[in-house]
Every structure is written in C-alpha cells, then in structure tokens.
>>> print(open('model_22.txt').read())   # compact mmCIF, C-alpha atoms
# COMPACT_ATOMS: atom_id res chain seq x y z
CA MET A 77 130.22 52.94 125.69
CA GLN A 78 132.71 55.57 126.79
CA ARG A 79 133.63 56.12 123.14
CA ALA A 80 130.01 56.84 122.16
CA SER A 81 129.30 59.39 124.88
CA ARG A 82 132.68 61.07 124.52
CA LEU A 83 132.33 61.27 120.73
CA LYS A 84 128.82 62.69 120.96
CA ARG A 85 130.01 65.38 123.39
CA GLU A 86 133.04 66.25 121.25
CA LEU A 87 131.05 66.46 118.00
CA SER A 88 128.49 68.69 119.69
CA LEU A 89 131.26 71.00 120.87
CA LEU A 90 132.90 70.99 117.42
CA ALA A 91 129.56 72.01 115.90
CA THR A 92 128.87 74.84 118.35
CA GLU A 93 132.39 76.08 119.15
CA PRO A 94 134.78 74.90 116.42
CA PRO A 95 138.41 76.04 116.51
CA PRO A 96 139.00 78.88 114.00
CA GLY A 97 139.40 77.54 110.46
CA ILE A 98 138.34 73.99 111.38
CA THR A 99 135.10 72.07 110.81
CA CYS A 100 134.37 68.44 111.63
CA TRP A 101 131.30 66.30 111.08
CA GLN A 102 130.13 62.69 111.10
CA ASP A 103 130.61 61.28 107.61
CA ALA A 104 128.25 58.32 107.56
CA ASP A 105 126.05 56.19 109.76
CA GLN A 106 129.19 54.78 111.35
CA MET A 107 129.83 56.64 114.57
CA GLY A 108 133.61 56.55 114.18
CA ASP A 109 133.81 57.85 110.60
CA LEU A 110 134.31 61.61 110.54
CA ARG A 111 135.42 64.20 108.03
CA ALA A 112 137.17 67.44 108.85
CA GLN A 113 138.21 70.49 106.89
CA ILE A 114 141.06 72.80 107.75
CA ILE A 115 141.42 76.18 106.08
CA GLY A 116 145.03 77.01 105.29
CA GLY A 117 146.32 79.76 107.56
CA ALA A 118 147.08 83.32 106.51
CA ASN A 119 150.69 83.99 105.53
CA THR A 120 151.35 80.31 104.82
CA PRO A 121 151.68 78.64 101.41
CA TYR A 122 148.35 76.92 102.22
CA GLU A 123 146.45 80.21 102.59
CA LYS A 124 142.87 80.04 101.26
CA GLY A 125 143.20 76.31 100.64
CA VAL A 126 140.50 73.98 101.96
CA PHE A 127 141.98 70.67 103.08
CA THR A 128 139.72 67.69 103.75
CA LEU A 129 140.77 65.03 106.24
CA GLU A 130 139.46 61.58 107.09
CA VAL A 131 139.13 61.00 110.84
CA THR A 132 138.63 57.44 112.09
CA ILE A 133 137.83 56.99 115.76
CA PRO A 134 139.06 53.63 117.11
CA GLU A 135 136.91 51.43 119.35
CA ARG A 136 139.20 52.16 122.31
CA TYR A 137 138.95 55.95 121.97
CA PRO A 138 139.87 57.99 124.02
CA PHE A 139 142.52 55.51 125.18
CA GLU A 140 143.82 55.31 121.60
CA PRO A 141 144.27 58.34 119.35
CA PRO A 142 142.09 59.03 116.31
CA GLN A 143 143.56 57.99 112.97
CA ILE A 144 143.69 61.02 110.72
CA ARG A 145 144.89 61.45 107.16
CA PHE A 146 144.64 64.15 104.53
CA LEU A 147 142.34 63.37 101.60
CA THR A 148 143.38 66.59 99.86
CA PRO A 149 146.95 66.36 98.50
CA ILE A 150 149.31 68.72 100.35
CA TYR A 151 152.97 69.55 99.79
CA HIS A 152 154.41 69.27 103.29
CA PRO A 153 157.47 67.60 104.87
CA ASN A 154 155.41 65.91 107.61
CA ILE A 155 152.55 64.62 105.41
CA ASP A 156 153.15 61.90 102.83
CA SER A 157 151.51 61.26 99.46
CA ALA A 158 148.95 58.93 101.09
CA GLY A 159 147.93 61.73 103.46
CA ARG A 160 149.55 60.18 106.54
CA ILE A 161 150.66 62.71 109.13
CA CYS A 162 153.80 62.59 111.27
CA LEU A 163 152.66 64.21 114.51
CA ASP A 164 153.35 63.08 118.06
CA VAL A 165 149.76 63.51 119.33
CA LEU A 166 148.60 60.93 116.79
CA LYS A 167 150.73 58.22 118.40
CA LEU A 168 150.60 56.44 121.73
CA PRO A 169 153.49 56.78 124.20
CA PRO A 170 156.34 56.07 124.52
CA LYS A 171 157.05 57.40 121.01
CA GLY A 172 153.94 59.53 120.86
CA ALA A 173 152.20 62.13 123.00
CA TRP A 174 148.55 61.00 122.82
CA ARG A 175 146.67 61.26 126.12
CA PRO A 176 142.98 60.52 126.76
CA SER A 177 142.56 64.12 127.92
CA LEU A 178 143.20 65.33 124.36
CA SER A 179 140.23 65.83 122.04
CA ILE A 180 139.55 65.68 118.32
CA ALA A 181 139.47 69.50 118.29
CA THR A 182 142.89 69.66 119.97
CA VAL A 183 144.38 67.20 117.49
CA LEU A 184 142.91 69.05 114.49
CA ALA A 185 144.27 72.34 115.88
CA SER A 186 147.69 70.64 116.25
CA ILE A 187 147.52 69.58 112.58
CA GLN A 188 146.59 73.15 111.61
CA LEU A 189 149.63 74.39 113.55
CA LEU A 190 151.85 71.77 111.87
CA MET A 191 150.67 73.10 108.51
CA ALA A 192 151.81 76.60 109.53
CA GLU A 193 155.03 75.40 111.18
CA PRO A 194 156.43 72.24 109.57
CA ASN A 195 158.93 70.14 111.52
CA PRO A 196 161.69 69.35 109.00
CA ASP A 197 163.64 67.38 111.63
CA ASP A 198 160.96 64.64 111.82
CA PRO A 199 159.88 64.30 108.19
CA LEU A 200 157.84 61.75 106.30
CA MET A 201 158.98 63.29 103.03
CA ALA A 202 162.78 63.67 103.14
CA ASP A 203 163.00 65.50 99.80
CA ILE A 204 160.39 68.10 100.81
CA SER A 205 162.05 68.45 104.22
CA SER A 206 165.41 69.12 102.60
CA GLU A 207 163.80 71.69 100.31
CA PHE A 208 162.13 73.36 103.33
CA LYS A 209 165.45 73.54 105.20
CA TYR A 210 167.83 74.48 102.40
CA ASN A 211 165.76 76.08 99.63
CA LYS A 212 162.73 77.65 101.28
CA PRO A 213 161.68 79.83 98.29
CA VAL A 214 161.32 76.69 96.14
CA PHE A 215 159.40 74.91 98.93
CA LEU A 216 157.02 77.87 99.31
CA SER A 217 156.47 78.04 95.55
CA ASN A 218 155.76 74.30 95.28
CA ALA A 219 153.45 74.31 98.32
CA ARG A 220 151.49 77.29 96.93
CA ARG A 221 151.19 75.58 93.53
CA TRP A 222 149.87 72.36 95.13
CA THR A 223 147.41 74.39 97.18
CA GLU A 224 146.19 76.12 94.00
CA GLN A 225 145.86 72.81 92.15
CA HIS A 226 144.32 70.65 94.87
CA ALA A 227 142.83 72.72 97.70
CA ARG A 228 141.03 75.66 96.15
CA GLN A 229 137.24 75.57 96.17
CA GLN A 230 135.76 76.26 92.76
>>> encode(input="model_22.txt", output="structure tokens")
Amino acid sequence: MQRASRLKRELSLLATEPPPGITCWQDADQMGDLRAQIIGGANTPYEKGVFTLEVTIPERYPFEPPQIRFLTPIYHPNIDSAGRICLDVLKLPPKGAWRPSLSIATVLASIQLLMAEPNPDDPLMADISSEFKYNKPVFLSNARRWTEQHARQQ
C-alpha cells in the first residue's frame, strides 16, 4: 500500500515539476512499470541525445531502490551493453547508498549527472573506462558517434 501512494505522489510531482531534461511516465497498466527520458546535457558527448530508460518499481519500494536500465544504447564507462547502470543509489547498503528518502526524480537526476561526469574508477565497461582515463579525445568521439546513431530523434 505504501508503494502505491508513494508512487502516485512521485509521478504527480514528476509530471508537474520534472527535473530539467528529465521526463517520466507510467508505461502500462502495471503500476510499477515506468519509462523515463533523459536529454543529454550541454557540453557533453550526449548533448541533444534523447535516452530512454526502463524503470521498474519493486513491491517493497521505497525500502528497495527502483531498477533502472537504459533502453537507448549509450557509450559510457558506467553503463553496460544491456543498459545496466553502475551507480550507488541504485543499490541497497552496505555496498549501495539507496535510502527510502530518495525519490525516482532524485535517482534519475543522479543518472543524468553520471552521464555528464562518468566515474572511471567504478566501471562496468573496463575498455571504455580506460579510454575515458587515458585517451579522452577518442572516448568523446565514440560517445558522440553513438549518441548520433542511437539517441537522436528523427
């Protein structure tokens, strides 16, 4: 029951006061199936890209974090080819930083920040992380190319 009322309140807030560059909506009749879109930030290789994410709200939400993955391919050291995201707020303690006081909007904003500021020291994609650390021009070129190919609206 807490999940339903909390989710309803959060979705209402996301509809009326979304974080800049982020939208989120209910995907189907299932209360816990959401979709989100994040616009790539200015001055990043993801600029002008539109990235769609799948957001699954577990039964025990807010005591468990939402499960979020990218549906749009993205070239990023902390996001793998299946769209899984390496981010502490998506995991429970002790390894993670999820707290029931966090919201879907907060987590999506954290993902948006991760897009702008990758963490190469905690990668899911070691090769991309190495490129980011030691050959940034190549990383930026590859990330821009992926954004052009996969995340541009026609």
>>> closest_residue(input="model_22.txt", among="A:Asn218, A:Asn195, A:Gln106, A:Asn211", to="Asn154 of chain A", atoms="all atoms listed in the file")
A:Asn195
>>> closest_residue(input="model_22.txt", among="A:Ser179, A:Ser157, A:Ser217, A:Thr120", to="Pro141 of chain A", atoms="all atoms listed in the file")
A:Ser179
>>> closest_residue(input="model_22.txt", among="A:Asp198, A:Glu207, A:Glu135, A:Asp103", to="Ala80 of chain A", atoms="only C-alpha atoms")
A:Glu135
>>> closest_residue(input="model_22.txt", among="A:Arg82, A:Trp174, A:Pro95, A:Arg228", to="Leu189 of chain A", atoms="only C-alpha atoms")
A:Pro95
>>> residues_around(input="model_22.txt", residues="segment 146-151 of chain A", least_positions_apart="6", cutoff="7 Å", atoms="only C-alpha atoms", output="list in words")
Phe127, Thr128, Leu129, Glu130, Ser157, Gly159, Arg160, Ala219, Trp222, Thr223, His226 and Ala227 of chain A
>>> closest_residue(input="model_22.txt", among="A:Ala104, A:Val126, A:Met201, A:Ile114", to="Val183 of chain A", atoms="only C-alpha atoms")
A:Ile114
>>> closest_residue(input="model_22.txt", among="A:Glu93, A:Glu123, A:Asp156, A:Asp105", to="Leu200 of chain A", atoms="all atoms listed in the file")
A:Asp156
>>> atom_distance(input="model_22.txt", atom1="atom CA of Gln113 of chain A", atom2="atom CA of Asp203 of chain A")
26.3 Å
>>> atom_distance(input="model_22.txt", atom1="atom CA of Pro142 of chain A", atom2="atom CA of Gly108 of chain A")
9.1 Å
>>> residues_around(input="model_22.txt", residues="Gln188 of chain A", least_positions_apart="3", cutoff="8 Å", atoms="only C-alpha atoms", output="count of residues only")
7
>>> residues_around(input="model_22.txt", residues="Pro199 of chain A", least_positions_apart="6", cutoff="8 Å", atoms="all atoms listed in the file", output="list of chain:residue names")
A:Pro153, A:Asn154, A:Ile155, A:Cys162, A:Ser205
>>> atom_distance(input="model_22.txt", atom1="atom CA of Gln143 of chain A", atom2="atom CA of Leu216 of chain A")
27.6 Å
>>> decode(input="model_22.txt", residues="segment 145-202 of chain A", atoms="C-alpha atoms", output="compact mmCIF listing (two decimals), in the first residue's frame")
# COMPACT_ATOMS: atom_id res chain seq x y z
CA ARG A 145 18.31 0.43 -17.19
CA PHE A 146 18.95 2.29 -20.42
CA LEU A 147 16.93 1.11 -23.42
CA THR A 148 18.82 3.50 -25.70
CA PRO A 149 22.40 2.31 -26.31
CA ILE A 150 24.95 4.67 -24.72
CA TYR A 151 28.75 4.69 -24.82
CA HIS A 152 29.65 5.16 -21.17
CA PRO A 153 32.08 3.52 -18.71
CA ASN A 154 29.38 3.03 -16.03
CA ILE A 155 26.62 1.67 -18.31
CA ASP A 156 26.96 -1.73 -19.98
CA SER A 157 25.65 -3.00 -23.31
CA ALA A 158 22.48 -4.33 -21.62
CA GLY A 159 21.77 -0.84 -20.25
CA ARG A 160 22.64 -1.72 -16.65
CA ILE A 161 23.92 1.22 -14.62
CA CYS A 162 26.68 1.18 -12.00
CA LEU A 163 25.50 3.81 -9.52
CA ASP A 164 25.50 3.61 -5.73
CA VAL A 165 21.95 4.98 -5.27
CA LEU A 166 20.60 2.02 -7.25
CA LYS A 167 21.91 -0.45 -4.66
CA LEU A 168 21.00 -1.18 -1.06
CA PRO A 169 23.57 -0.65 1.71
CA PRO A 170 26.15 -1.70 2.70
CA LYS A 171 27.54 -1.54 -0.86
CA GLY A 172 24.99 0.95 -2.08
CA ALA A 173 23.57 4.29 -1.00
CA TRP A 174 19.81 3.78 -1.53
CA ARG A 175 17.63 5.26 1.22
CA PRO A 176 13.82 5.35 1.36
CA SER A 177 14.02 9.15 1.49
CA LEU A 178 15.33 9.20 -2.09
CA SER A 179 12.85 9.51 -4.94
CA ILE A 180 12.61 8.44 -8.57
CA ALA A 181 13.33 12.06 -9.57
CA THR A 182 16.47 12.11 -7.40
CA VAL A 183 17.72 8.84 -8.89
CA LEU A 184 17.05 10.00 -12.47
CA ALA A 185 18.88 13.27 -11.73
CA SER A 186 21.80 11.20 -10.36
CA ILE A 187 21.87 9.20 -13.61
CA GLN A 188 21.83 12.45 -15.59
CA LEU A 189 24.80 13.67 -13.52
CA LEU A 190 26.62 10.35 -14.07
CA MET A 191 26.17 10.87 -17.82
CA ALA A 192 27.87 14.27 -17.52
CA GLU A 193 30.54 13.06 -15.08
CA PRO A 194 31.44 9.39 -15.58
CA ASN A 195 33.19 7.54 -12.76
CA PRO A 196 36.02 5.62 -14.46
CA ASP A 197 37.17 4.17 -11.13
CA ASP A 198 33.98 2.08 -10.73
CA PRO A 199 33.31 0.92 -14.30
CA LEU A 200 31.04 -1.68 -15.81
CA MET A 201 32.88 -1.33 -19.12
CA ALA A 202 36.63 -1.56 -18.43
